[in-house]
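Participant: So here's structure.pdb, just PDB, C-alpha atoms:
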MODEL        1
ATOM      1  CA  GLU A  29      44.587  34.345 114.530
ATOM      2  CA  ASP A  30      45.532  37.906 113.594
ATOM      3  CA  GLY A  31      48.765  37.753 115.543
ATOM      4  CA  CYS A  32      47.653  40.323 118.120
ATOM      5  CA  ILE A  33      49.913  38.827 120.797
ATOM      6  CA  TYR A  34      53.577  39.535 120.188
ATOM      7  CA  VAL A  35      56.869  39.786 122.076
ATOM      8  CA  HIS A  36      57.284  43.365 123.258
ATOM      9  CA  HIS A  37      60.415  42.850 125.355
ATOM     10  CA  ASP A  38      63.144  40.291 124.915
ATOM     11  CA  ILE A  39      65.607  40.132 127.819
ATOM     12  CA  ALA A  40      68.496  37.654 127.733
ATOM     13  CA  LEU A  41      69.133  36.099 131.153
ATOM     14  CA  PRO A  42      72.325  34.355 132.321
ATOM     15  CA  GLU A  43      70.417  31.283 133.571
ATOM     16  CA  PHE A  44      66.952  29.719 133.343
ATOM     17  CA  PRO A  45      64.435  31.858 135.289
ATOM     18  CA  LEU A  46      62.683  30.245 138.257
ATOM     19  CA  CYS A  47      60.574  33.110 139.620
ATOM     20  CA  LEU A  48      59.485  36.680 138.913
ATOM     21  CA  ALA A  49      58.163  39.573 140.977
ATOM     22  CA  TRP A  50      56.991  42.882 139.507
ATOM     23  CA  CYS A  51      57.646  46.058 141.514
ATOM     24  CA  ASP A  52      57.315  49.805 140.991
ATOM     25  CA  CYS A  53      60.083  50.905 143.363
ATOM     26  CA  PRO A  54      63.239  52.146 141.593
ATOM     27  CA  PRO A  55      66.362  50.288 142.784
ATOM     28  CA  PHE A  56      68.049  53.433 144.035
ATOM     29  CA  ARG A  57      67.480  56.028 146.743
ATOM     30  CA  SER A  58      65.660  59.274 146.013
ATOM     31  CA  PRO A  59      67.550  62.463 146.994
ATOM     32  CA  ASN A  60      65.350  63.000 150.070
ATOM     33  CA  ASP A  61      64.643  59.283 150.724
ATOM     34  CA  SER A  62      60.942  59.875 150.019
ATOM     35  CA  GLN A  63      60.605  57.041 147.491
ATOM     36  CA  ILE A  64      57.762  58.826 145.727
ATOM     37  CA  ASN A  65      59.183  57.866 142.345
ATOM     38  CA  THR A  66      57.630  54.922 140.573
ATOM     39  CA  GLY A  67      58.785  52.757 137.724
ATOM     40  CA  ASN A  68      58.176  49.472 135.966
ATOM     41  CA  TYR A  69      60.596  46.797 137.142
ATOM     42  CA  VAL A  70      60.757  43.035 137.398
ATOM     43  CA  ALA A  71      62.946  41.037 139.787
ATOM     44  CA  VAL A  72      64.127  37.694 138.403
ATOM     45  CA  GLY A  73      65.412  34.680 140.319
ATOM     46  CA  THR A  74      67.388  32.014 138.453
ATOM     47  CA  PHE A  75      69.580  28.992 139.106
ATOM     48  CA  ASP A  76      72.283  31.500 140.052
ATOM     49  CA  PRO A  77      72.290  32.901 143.613
ATOM     50  CA  ILE A  78      71.704  36.429 142.296
ATOM     51  CA  ILE A  79      68.447  38.399 141.947
ATOM     52  CA  GLU A  80      68.448  40.728 138.948
ATOM     53  CA  ILE A  81      66.137  43.757 138.698
ATOM     54  CA  TRP A  82      65.318  44.796 135.126
ATOM     55  CA  ASN A  83      63.718  48.021 133.937
ATOM     56  CA  LEU A  84      60.757  47.067 131.752
ATOM     57  CA  ASP A  85      60.482  50.571 130.330
ATOM     58  CA  VAL A  86      63.793  50.069 128.532
ATOM     59  CA  LEU A  87      63.662  48.095 125.303
ATOM     60  CA  ASP A  88      66.248  45.345 124.883
ATOM     61  CA  PRO A  89      68.362  46.245 127.939
ATOM     62  CA  LEU A  90      71.886  44.832 127.999
ATOM     63  CA  GLU A  91      72.196  44.588 131.766
ATOM     64  CA  PRO A  92      69.939  44.788 134.839
ATOM     65  CA  SER A  93      69.305  48.048 136.656
ATOM     66  CA  ALA A  94      70.447  46.445 139.923
ATOM     67  CA  SER A  95      71.413  43.104 141.421
ATOM     68  CA  LEU A  96      70.795  41.625 144.865
ATOM     69  CA  GLY A  97      73.563  39.328 146.083
ATOM     70  CA  GLY A  98      75.537  37.033 143.818
ATOM     71  CA  ILE A  99      79.124  35.905 143.436
ATOM     72  CA  ASP A 100      81.917  38.281 144.480
ATOM     73  CA  LYS A 101      84.101  38.073 141.379
ATOM     74  CA  ASN A 102      86.897  40.009 143.067
ATOM     75  CA  LYS A 103      87.360  37.392 145.787
ATOM     76  CA  SER A 104      86.486  34.165 143.954
ATOM     77  CA  ASN A 105      89.444  31.984 143.014
ATOM     78  CA  LYS A 106      88.916  30.181 139.719
ATOM     79  CA  LYS A 107      92.082  28.064 140.043
ATOM     80  CA  LYS A 108      91.079  26.658 143.424
ATOM     81  CA  SER A 109      87.362  26.559 142.525
ATOM     82  CA  LYS A 110      86.670  28.678 145.581
ATOM     83  CA  VAL A 111      83.536  30.777 145.291
ATOM     84  CA  SER A 112      82.965  33.862 147.431
ATOM     85  CA  TYR A 113      79.591  35.567 147.680
ATOM     86  CA  LEU A 114      78.657  39.170 148.239
ATOM     87  CA  PRO A 115      77.548  39.995 151.808
ATOM     88  CA  GLY A 116      74.011  38.744 152.498
ATOM     89  CA  SER A 117      73.770  36.802 149.237
ATOM     90  CA  HIS A 118      72.017  33.495 148.701
ATOM     91  CA  THR A 119      74.403  30.650 147.931
ATOM     92  CA  GLU A 120      72.112  28.560 145.716
ATOM     93  CA  ALA A 121      69.218  29.022 143.271
ATOM     94  CA  VAL A 122      66.569  31.662 144.033
ATOM     95  CA  MET A 123      63.217  29.843 143.894
ATOM     96  CA  SER A 124      60.691  32.465 144.971
ATOM     97  CA  LEU A 125      60.263  36.237 145.192
ATOM     98  CA  SER A 126      57.631  38.483 146.762
ATOM     99  CA  TRP A 127      57.403  42.274 146.609
ATOM    100  CA  ASN A 128      55.896  44.233 149.496
ATOM    101  CA  THR A 129      53.274  46.549 147.984
ATOM    102  CA  ILE A 130      53.104  48.731 151.126
ATOM    103  CA  TYR A 131      56.769  48.986 152.125
ATOM    104  CA  ARG A 132      57.748  49.311 148.490
ATOM    105  CA  GLN A 133      61.487  49.018 148.986
ATOM    106  CA  ALA A 134      61.160  45.539 150.542
ATOM    107  CA  MET A 135      61.582  42.303 148.570
ATOM    108  CA  ALA A 136      61.523  38.783 150.040
ATOM    109  CA  SER A 137      63.306  35.815 148.503
ATOM    110  CA  GLY A 138      63.361  32.072 149.147
ATOM    111  CA  SER A 139      66.212  29.858 148.027
ATOM    112  CA  ALA A 140      67.446  26.307 147.611
ATOM    113  CA  ASP A 141      69.997  27.174 150.312
ATOM    114  CA  THR A 142      67.018  26.852 152.784
ATOM    115  CA  THR A 143      67.039  30.552 153.744
ATOM    116  CA  VAL A 144      64.492  33.345 153.444
ATOM    117  CA  LYS A 145      65.871  36.855 152.989
ATOM    118  CA  ILE A 146      64.461  40.375 153.160
ATOM    119  CA  TRP A 147      66.104  42.860 150.801
ATOM    120  CA  ASP A 148      66.120  46.654 150.582
ATOM    121  CA  ILE A 149      65.803  47.291 146.860
ATOM    122  CA  THR A 150      66.995  50.892 147.136
ATOM    123  CA  THR A 151      70.349  49.925 148.691
ATOM    124  CA  GLN A 152      70.626  46.408 147.181
ATOM    125  CA  GLN A 153      71.428  45.098 150.660
ATOM    126  CA  CYS A 154      70.050  42.142 152.642
ATOM    127  CA  SER A 155      68.180  43.439 155.707
ATOM    128  CA  HIS A 156      67.502  40.106 157.422
ATOM    129  CA  THR A 157      67.996  36.373 156.897
ATOM    130  CA  PHE A 158      65.682  33.671 158.296
ATOM    131  CA  THR A 159      67.279  30.228 158.717
ATOM    132  CA  ASP A 160      64.364  28.245 160.156
ATOM    133  CA  HIS A 161      63.632  25.891 157.230
ATOM    134  CA  LYS A 162      65.522  22.612 156.798
ATOM    135  CA  ASP A 163      65.065  22.192 153.035
ATOM    136  CA  LYS A 164      64.610  24.253 149.870
ATOM    137  CA  VAL A 165      62.240  27.241 150.213
ATOM    138  CA  GLN A 166      59.777  27.004 147.332
ATOM    139  CA  VAL A 167      57.527  29.989 147.986
ATOM    140  CA  VAL A 168      57.422  33.284 149.931
ATOM    141  CA  ASN A 169      54.452  35.660 150.144
ATOM    142  CA  PHE A 170      54.029  39.005 151.866
ATOM    143  CA  HIS A 171      50.569  39.594 153.328
ATOM    144  CA  PRO A 172      48.703  42.085 151.093
ATOM    145  CA  GLN A 173      47.372  44.191 154.008
ATOM    146  CA  GLN A 174      49.576  43.401 157.016
ATOM    147  CA  ALA A 175      52.856  44.393 155.415
ATOM    148  CA  TRP A 176      54.988  43.143 158.312
ATOM    149  CA  LEU A 177      53.726  39.551 157.901
ATOM    150  CA  LEU A 178      55.583  37.136 155.605
ATOM    151  CA  SER A 179      54.751  33.496 154.849
ATOM    152  CA  SER A 180      57.148  30.880 153.497
ATOM    153  CA  GLY A 181      56.725  27.299 152.343
ATOM    154  CA  SER A 182      59.442  24.687 152.028
ATOM    155  CA  PHE A 183      60.225  21.173 150.841
ATOM    156  CA  ASP A 184      60.599  20.296 154.539
ATOM    157  CA  LYS A 185      56.759  20.132 154.517
ATOM    158  CA  SER A 186      56.339  23.196 156.686
ATOM    159  CA  ILE A 187      54.821  26.674 156.412
ATOM    160  CA  ARG A 188      56.197  29.450 158.565
ATOM    161  CA  LEU A 189      54.913  32.924 159.352
ATOM    162  CA  TYR A 190      57.416  35.662 160.154
ATOM    163  CA  ASP A 191      57.020  38.982 161.923
ATOM    164  CA  CYS A 192      59.414  41.138 159.895
ATOM    165  CA  ARG A 193      59.353  43.863 162.540
ATOM    166  CA  ASN A 194      61.386  41.777 164.977
ATOM    167  CA  GLY A 195      62.557  38.786 162.916
ATOM    168  CA  ASN A 196      60.567  36.214 164.910
ATOM    169  CA  VAL A 197      58.659  33.143 163.700
ATOM    170  CA  THR A 198      55.063  33.644 164.820
ATOM    171  CA  ASN A 199      53.539  30.361 163.593
ATOM    172  CA  ASN A 200      54.752  27.042 162.188
ATOM    173  CA  TYR A 201      52.447  24.627 160.345
ATOM    174  CA  THR A 202      53.159  21.079 159.143
ATOM    175  CA  VAL A 203      51.538  19.858 155.921
ATOM    176  CA  SER A 204      51.348  16.454 154.223
ATOM    177  CA  ALA A 205      53.710  17.064 151.264
ATOM    178  CA  ASP A 206      56.204  19.470 149.719
ATOM    179  CA  LEU A 207      54.963  23.006 149.067
ATOM    180  CA  GLU A 208      54.369  24.102 145.479
ATOM    181  CA  ALA A 209      52.475  27.415 145.754
ATOM    182  CA  MET A 210      50.709  29.651 148.284
ATOM    183  CA  THR A 211      48.312  32.570 148.166
ATOM    184  CA  TRP A 212      46.471  34.792 150.623
ATOM    185  CA  ASP A 213      42.700  35.084 150.358
ATOM    186  CA  PRO A 214      42.174  38.725 149.269
ATOM    187  CA  HIS A 215      38.702  38.815 150.866
ATOM    188  CA  LYS A 216      39.539  37.079 154.170
ATOM    189  CA  GLU A 217      42.881  38.413 155.343
ATOM    190  CA  ASN A 218      43.328  35.716 158.013
ATOM    191  CA  LEU A 219      43.299  32.806 155.502
ATOM    192  CA  LEU A 220      46.330  31.401 153.688
ATOM    193  CA  TYR A 221      46.032  28.614 151.075
ATOM    194  CA  ALA A 222      48.879  26.234 150.222
ATOM    195  CA  ALA A 223      49.099  23.901 147.208
ATOM    196  CA  LEU A 224      51.028  20.677 147.754
ATOM    197  CA  GLU A 225      52.910  18.146 145.661
ATOM    198  CA  ASN A 226      50.283  15.440 146.341
ATOM    199  CA  GLY A 227      47.441  17.535 144.880
ATOM    200  CA  ILE A 228      46.054  18.600 148.254
ATOM    201  CA  ILE A 229      45.289  22.207 149.149
ATOM    202  CA  SER A 230      45.554  23.144 152.813
ATOM    203  CA  CYS A 231      43.842  26.201 154.283
ATOM    204  CA  ILE A 232      45.405  27.924 157.277
ATOM    205  CA  ASP A 233      43.746  30.385 159.628
ATOM    206  CA  ILE A 234      46.656  32.421 160.963
ATOM    207  CA  ARG A 235      44.706  33.100 164.157
ATOM    208  CA  GLN A 236      45.057  29.393 165.015
ATOM    209  CA  LEU A 237      48.531  28.385 166.170
ATOM    210  CA  ASN A 238      50.308  25.464 164.470
ATOM    211  CA  GLU A 239      47.159  23.766 163.131
ATOM    212  CA  VAL A 240      45.792  23.548 159.583
ATOM    213  CA  LEU A 241      42.148  24.638 159.346
ATOM    214  CA  TYR A 242      41.161  22.092 156.648
ATOM    215  CA  SER A 243      42.513  20.303 153.561
ATOM    216  CA  PHE A 244      40.917  18.963 150.401
ATOM    217  CA  GLN A 245      42.047  17.016 147.313
ATOM    218  CA  SER A 246      42.087  19.469 144.409
ATOM    219  CA  HIS A 247      43.850  17.320 141.772
ATOM    220  CA  ASN A 248      45.076  13.766 141.283
ATOM    221  CA  LYS A 249      48.623  14.994 140.686
ATOM    222  CA  THR A 250      50.737  17.921 141.850
ATOM    223  CA  THR A 251      48.851  21.205 142.235
ATOM    224  CA  SER A 252      51.404  23.618 140.813
ATOM    225  CA  SER A 253      49.555  26.954 140.912
ATOM    226  CA  ILE A 254      46.647  28.603 142.751
ATOM    227  CA  SER A 255      45.064  32.044 142.444
ATOM    228  CA  PHE A 256      42.062  33.877 143.909
ATOM    229  CA  SER A 257      39.730  36.182 142.035
ATOM    230  CA  HIS A 258      39.971  39.725 143.416
ATOM    231  CA  SER A 259      36.481  40.490 142.093
ATOM    232  CA  ILE A 260      34.499  37.422 143.231
ATOM    233  CA  PRO A 261      34.933  36.443 146.906
ATOM    234  CA  GLY A 262      35.771  32.778 147.426
ATOM    235  CA  MET A 263      36.560  31.949 143.790
ATOM    236  CA  LEU A 264      39.789  29.933 143.693
ATOM    237  CA  ALA A 265      41.509  28.652 140.533
ATOM    238  CA  THR A 266      43.942  25.723 140.646
ATOM    239  CA  ALA A 267      46.244  24.269 137.978
ATOM    240  CA  SER A 268      47.982  20.910 138.030
ATOM    241  CA  THR A 269      50.459  18.654 136.274
ATOM    242  CA  ASP A 270      47.439  16.446 135.468
ATOM    243  CA  LYS A 271      46.813  19.031 132.701
ATOM    244  CA  THR A 272      43.595  20.401 134.222
ATOM    245  CA  ILE A 273      42.412  23.731 135.599
ATOM    246  CA  ARG A 274      39.670  23.752 138.219
ATOM    247  CA  ILE A 275      37.562  26.501 139.797
ATOM    248  CA  TRP A 276      36.455  26.145 143.421
ATOM    249  CA  ASP A 277      33.970  27.901 145.689
ATOM    250  CA  THR A 278      35.686  28.453 149.057
ATOM    251  CA  LEU A 279      33.437  31.234 150.361
ATOM    252  CA  ASP A 280      31.828  29.384 153.267
ATOM    253  CA  SER A 281      34.251  26.469 153.491
ATOM    254  CA  SER A 282      35.228  24.746 156.720
ATOM    255  CA  GLU A 283      36.377  21.334 157.914
ATOM    256  CA  SER A 284      32.784  20.069 157.695
ATOM    257  CA  ASN A 285      31.979  21.973 154.483
ATOM    258  CA  LEU A 286      34.886  21.574 152.072
ATOM    259  CA  PRO A 287      35.228  23.731 148.924
ATOM    260  CA  LYS A 288      33.052  22.715 145.974
ATOM    261  CA  GLN A 289      34.294  22.419 142.403
ATOM    262  CA  ILE A 290      32.229  24.649 140.118
ATOM    263  CA  ALA A 291      34.186  24.413 136.827
ATOM    264  CA  TYR A 292      36.705  22.155 135.123
ATOM    265  CA  LYS A 293      38.876  22.475 132.022
ATOM    266  CA  SER A 294      41.367  20.013 130.575
TER     267      SER A 294
ENDMDL
END
In structure tokens, write the structure found in this file.
Facilitator:
Amino acid sequence: EDGCIYVHHDIALPEFPLCLAWCDCPPFRSPNDSQINTGNYVAVGTFDPIIEIWNLDVLDPLEPSASLGGIDKNKSNKKKSKVSYLPGSHTEAVMSLSWNTIYRQAMASGSADTTVKIWDITTQQCSHTFTDHKDKVQVVNFHPQQAWLLSSGSFDKSIRLYDCRNGNVTNNYTVSADLEAMTWDPHKENLLYAALENGIISCIDIRQLNEVLYSFQSHNKTTSSISFSHSIPGMLATASTDKTIRIWDTLDSSESNLPKQIAYKS
């Protein structure tokens, strides 16, 4: 009522944003490669195949601090409508981003071009490209403790786990609908939760190969977002296109003891 919430930064983007990932790693190399410097940056994925990194400590910046991939304007031919991309770039919209909080220079991205990429922020170069999905990659998530482990979810109704140390797919899980969101359980590091287009949430135990641990109906329509409380073990919040938010108790959940709804808000 007092207008205590206001716009502090206003950054003009070239296209509609699809995803964001905050990071504290400056997009350049330190003189001794120590990477002890920290900053306040946000990576933005849009309908363009470029990932822009903006410095949030600069008011009203005119251009990003760095860019990952994108169109090579020197090689693209406007007359022949031929588009050339920078080496390692995505070729379609960037739909998901995930920053590695342990290996701070690493950023993962998922795209409508069906690929998952690992980027080195400090060099603005693509380190590795995964081409295992058959449809748009909606979500990517680094594991919060096991920094080498990356999960991805796609519209091909699959979830894949990657070992970023060697570039291999460690597990592949099939779910009942397109992926919308995923999150790791911060209190049980072996559990990964996936929200689906049909309102179902599937829980995966990464110690079990290629098999979903259990699933439950969280909403009547698409479950678009999920998030765990870092303070209260087992507390899961879900949001849906049915215009509701629900809170679930997943602490002791299993196939025979599904999560219980403990709060509801429309």
Participant: Restricting the calculation to only C-alpha atoms, which member of A:Ile232, A:Pro54, A:Lys216, A:Ser294 is positioned closest to Gly262 (chain A)?
Facilitator: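 Smallest separation from Gly262 (chain A) among the options: A:Lys216.
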Participant: Quick one: apply the PyMOL selection byres ((chain A and resi 227) around 8) to the file and drop the selected residues here as a PDB file with C-alpha atoms, in the coordinates of the input.
Facilitator:
ATOM      1  CA  ALA A 223      49.099  23.901 147.208  1.00  0.00           C
ATOM      2  CA  LEU A 224      51.028  20.677 147.754  1.00  0.00           C
ATOM      3  CA  GLU A 225      52.910  18.146 145.661  1.00  0.00           C
ATOM      4  CA  ASN A 226      50.283  15.440 146.341  1.00  0.00           C
ATOM      5  CA  ILE A 228      46.054  18.600 148.254  1.00  0.00           C
ATOM      6  CA  ILE A 229      45.289  22.207 149.149  1.00  0.00           C
ATOM      7  CA  GLN A 245      42.047  17.016 147.313  1.00  0.00           C
ATOM      8  CA  SER A 246      42.087  19.469 144.409  1.00  0.00           C
ATOM      9  CA  HIS A 247      43.850  17.320 141.772  1.00  0.00           C
ATOM     10  CA  ASN A 248      45.076  13.766 141.283  1.00  0.00           C
ATOM     11  CA  LYS A 249      48.623  14.994 140.686  1.00  0.00           C
ATOM     12  CA  THR A 250      50.737  17.921 141.850  1.00  0.00           C
ATOM     13  CA  THR A 251      48.851  21.205 142.235  1.00  0.00           C
ATOM     14  CA  SER A 268      47.982  20.910 138.030  1.00  0.00           C
TER      15      SER A 268
END
Participant: Could you check which of A:Leu90, A:Leu96, A:Ala267, A:Cys47 is closest to Gly73 (chain A), using only C-alpha atoms?
Facilitator: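 Using only C-alpha atoms, the shortest distance to Gly73 (chain A) belongs to A:Cys47.
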Participant: Please write the residues picked by the PyMOL selection byres ((chain A and resi 243) around 8) on this file as a ChimeraX atom specification.
Facilitator: /A:228-231,240-242,244-245,283,286
Participant: Enumerate, in order of chain and increasing residue number, the residues of region 175-250 of chain A with an atom no farther than 12 Å from region 121-141 of chain A, each with its shortest atom pair and distance in Å to one decimal, counting all atoms listed in the file, as JSON lines.
Facilitator:
{"residue": "A:Ala175", "atom": "CA", "partner": "A:Ile130", "partner_atom": "CA", "distance": 6.1}
{"residue": "A:Trp176", "atom": "CA", "partner": "A:Tyr131", "partner_atom": "CA", "distance": 8.7}
{"residue": "A:Leu177", "atom": "CA", "partner": "A:Asn128", "partner_atom": "CA", "distance": 9.9}
{"residue": "A:Leu178", "atom": "CA", "partner": "A:Ala136", "partner_atom": "CA", "distance": 8.3}
{"residue": "A:Ser179", "atom": "CA", "partner": "A:Ala136", "partner_atom": "CA", "distance": 9.8}
{"residue": "A:Ser180", "atom": "CA", "partner": "A:Gly138", "partner_atom": "CA", "distance": 7.7}
{"residue": "A:Gly181", "atom": "CA", "partner": "A:Gly138", "partner_atom": "CA", "distance": 8.8}
{"residue": "A:Ser182", "atom": "CA", "partner": "A:Gly138", "partner_atom": "CA", "distance": 8.8}
{"residue": "A:Phe183", "atom": "CA", "partner": "A:Ala140", "partner_atom": "CA", "distance": 9.4}
{"residue": "A:Asp184", "atom": "CA", "partner": "A:Ala140", "partner_atom": "CA", "distance": 11.4}
{"residue": "A:Tyr190", "atom": "CA", "partner": "A:Ala136", "partner_atom": "CA", "distance": 11.4}
{"residue": "A:Cys192", "atom": "CA", "partner": "A:Ala136", "partner_atom": "CA", "distance": 10.3}
{"residue": "A:Arg193", "atom": "CA", "partner": "A:Tyr131", "partner_atom": "CA", "distance": 11.9}
{"residue": "A:Leu207", "atom": "CA", "partner": "A:Ser124", "partner_atom": "CA", "distance": 11.8}
{"residue": "A:Glu208", "atom": "CA", "partner": "A:Ser124", "partner_atom": "CA", "distance": 10.5}
{"residue": "A:Ala209", "atom": "CA", "partner": "A:Ser124", "partner_atom": "CA", "distance": 9.7}
{"residue": "A:Met210", "atom": "CA", "partner": "A:Ser124", "partner_atom": "CA", "distance": 10.9}
{"residue": "A:Thr211", "atom": "CA", "partner": "A:Ser126", "partner_atom": "CA", "distance": 11.1}
Participant: Could you state the separation of CA of Pro214 (chain A) and CA of Phe256 (chain A) in Å, given to one decimal place?
Facilitator: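 Atom-to-atom, CA of Pro214 (chain A) to CA of Phe256 (chain A), that is 7.2 Å.
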Participant: Find the distance between CA of His215 (chain A) and CA of Met263 (chain A) and write it in Å to one decimal.
Facilitator: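 For CA of His215 (chain A) relative to CA of Met263 (chain A), the distance reads 10.1 Å.
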Participant: In Å, how far is it from CA of Ser257 (chain A) to CA of Thr269 (chain A)?
Facilitator: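 For CA of Ser257 (chain A) relative to CA of Thr269 (chain A), the distance reads 21.3 Å.
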Participant: Which residues come within 9 Å of Asp85 (chain A), counting all atoms listed in the file, excluding same-chain residues fewer than 5 positions away, as a list in words?
Facilitator: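 The contact residues come out as Gly67, Asn68 and Tyr69 of chain A.
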Participant: Those residues you just picked out, can you put them in a file as a short mmCIF file (atom, residue, chain, number, x, y, z; two decimals), keeping the file's coordinate frame with C-alpha atoms?
Facilitator:
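Result file follows (again-v4.cif):
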data_model
loop_
_atom_site.label_atom_id
_atom_site.label_comp_id
_atom_site.auth_asym_id
_atom_site.auth_seq_id
_atom_site.Cartn_x
_atom_site.Cartn_y
_atom_site.Cartn_z
CA GLY A 67 58.78 52.76 137.72
CA ASN A 68 58.18 49.47 135.97
CA TYR A 69 60.60 46.80 137.14
#
Participant: Which residue is closest to Ile273 (chain A)? Choose from A:Ser117, A:Gln174, A:Ser255, A:Thr150 and count only C-alpha atoms.
Facilitator: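 Of the candidates, the smallest distance to Ile273 (chain A) is held by A:Ser255.
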Participant: Have a look at A:Tyr292, A:Tyr201, A:Trp276, A:Trp82 and name the one nearest to Asp233 (chain A); count all atoms listed in the file.
Facilitator: A:Tyr201
Participant: Skipping near chain neighbours, those fewer than 2 positions away, what residues fall within 6 Å of Thr278 (chain A) using all atoms listed in the file, listed as a ChimeraX atom specification?
Facilitator: /A:262,280-281,287
Participant: For this file, the PyMOL selection byres ((chain A and resi 98) around 9) selects which residues, as a compact mmCIF listing (two decimals) with C-alpha atoms, in the frame of the given file?
Facilitator:
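Here's the written file part01.txt:
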# COMPACT_ATOMS: atom_id res chain seq x y z
CA ASP A 76 72.28 31.50 140.05
CA PRO A 77 72.29 32.90 143.61
CA ILE A 78 71.70 36.43 142.30
CA ILE A 79 68.45 38.40 141.95
CA SER A 95 71.41 43.10 141.42
CA LEU A 96 70.80 41.62 144.86
CA GLY A 97 73.56 39.33 146.08
CA ILE A 99 79.12 35.90 143.44
CA ASP A 100 81.92 38.28 144.48
CA LYS A 101 84.10 38.07 141.38
CA SER A 112 82.96 33.86 147.43
CA TYR A 113 79.59 35.57 147.68
CA LEU A 114 78.66 39.17 148.24
CA PRO A 115 77.55 39.99 151.81
CA GLY A 116 74.01 38.74 152.50
CA SER A 117 73.77 36.80 149.24
CA HIS A 118 72.02 33.49 148.70
CA THR A 119 74.40 30.65 147.93
Participant: For Ile234 (chain A), list every protein, DNA or RNA residue within 8 Å, evaluated using only C-alpha atoms, and leave out those in the same chain fewer than 2 positions away; present the list as a PyMOL selection string.
Facilitator: chain A and resi 199+218-220+232+236-237
Participant: Give the answer as one residue: which of A:Ala205, A:Cys53, A:Ala265, A:Leu87 has the shortest atom-to-atom distance to Ile290 (chain A), using all atoms listed in the file?
Facilitator: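 When distances to Ile290 (chain A) are compared using all atoms listed in the file, the smallest one comes from A:Ala265.
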Participant: Please, what is the axis-aligned box for every listed atom of region 150-153 of chain A with 4 Å on each side, as centre and edge lengths in Å to one decimal, as AutoDock Vina command-line options?
Facilitator:
--center_x 69.2 --center_y 48.0 --center_z 148.9 --size_x 12.4 --size_y 13.8 --size_z 11.5
Participant: Restricting the calculation to only C-alpha atoms: of A:Gln152, A:Thr202, A:Thr142, A:Asp52, which residue gets closest to Glu239 (chain A)?
Facilitator: A:Thr202
Participant: Which residues, written as a list of chain:residue names, have at least one atom at most 9 Å from Val197 (chain A), with all atoms listed in the file counted and residues fewer than 4 positions away on the same chain left out?
Facilitator: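 Listed by chain and then number, they are A:Phe158, A:Asp160, A:Arg188, A:Leu189, A:Tyr190, A:Asp191, A:Cys192.
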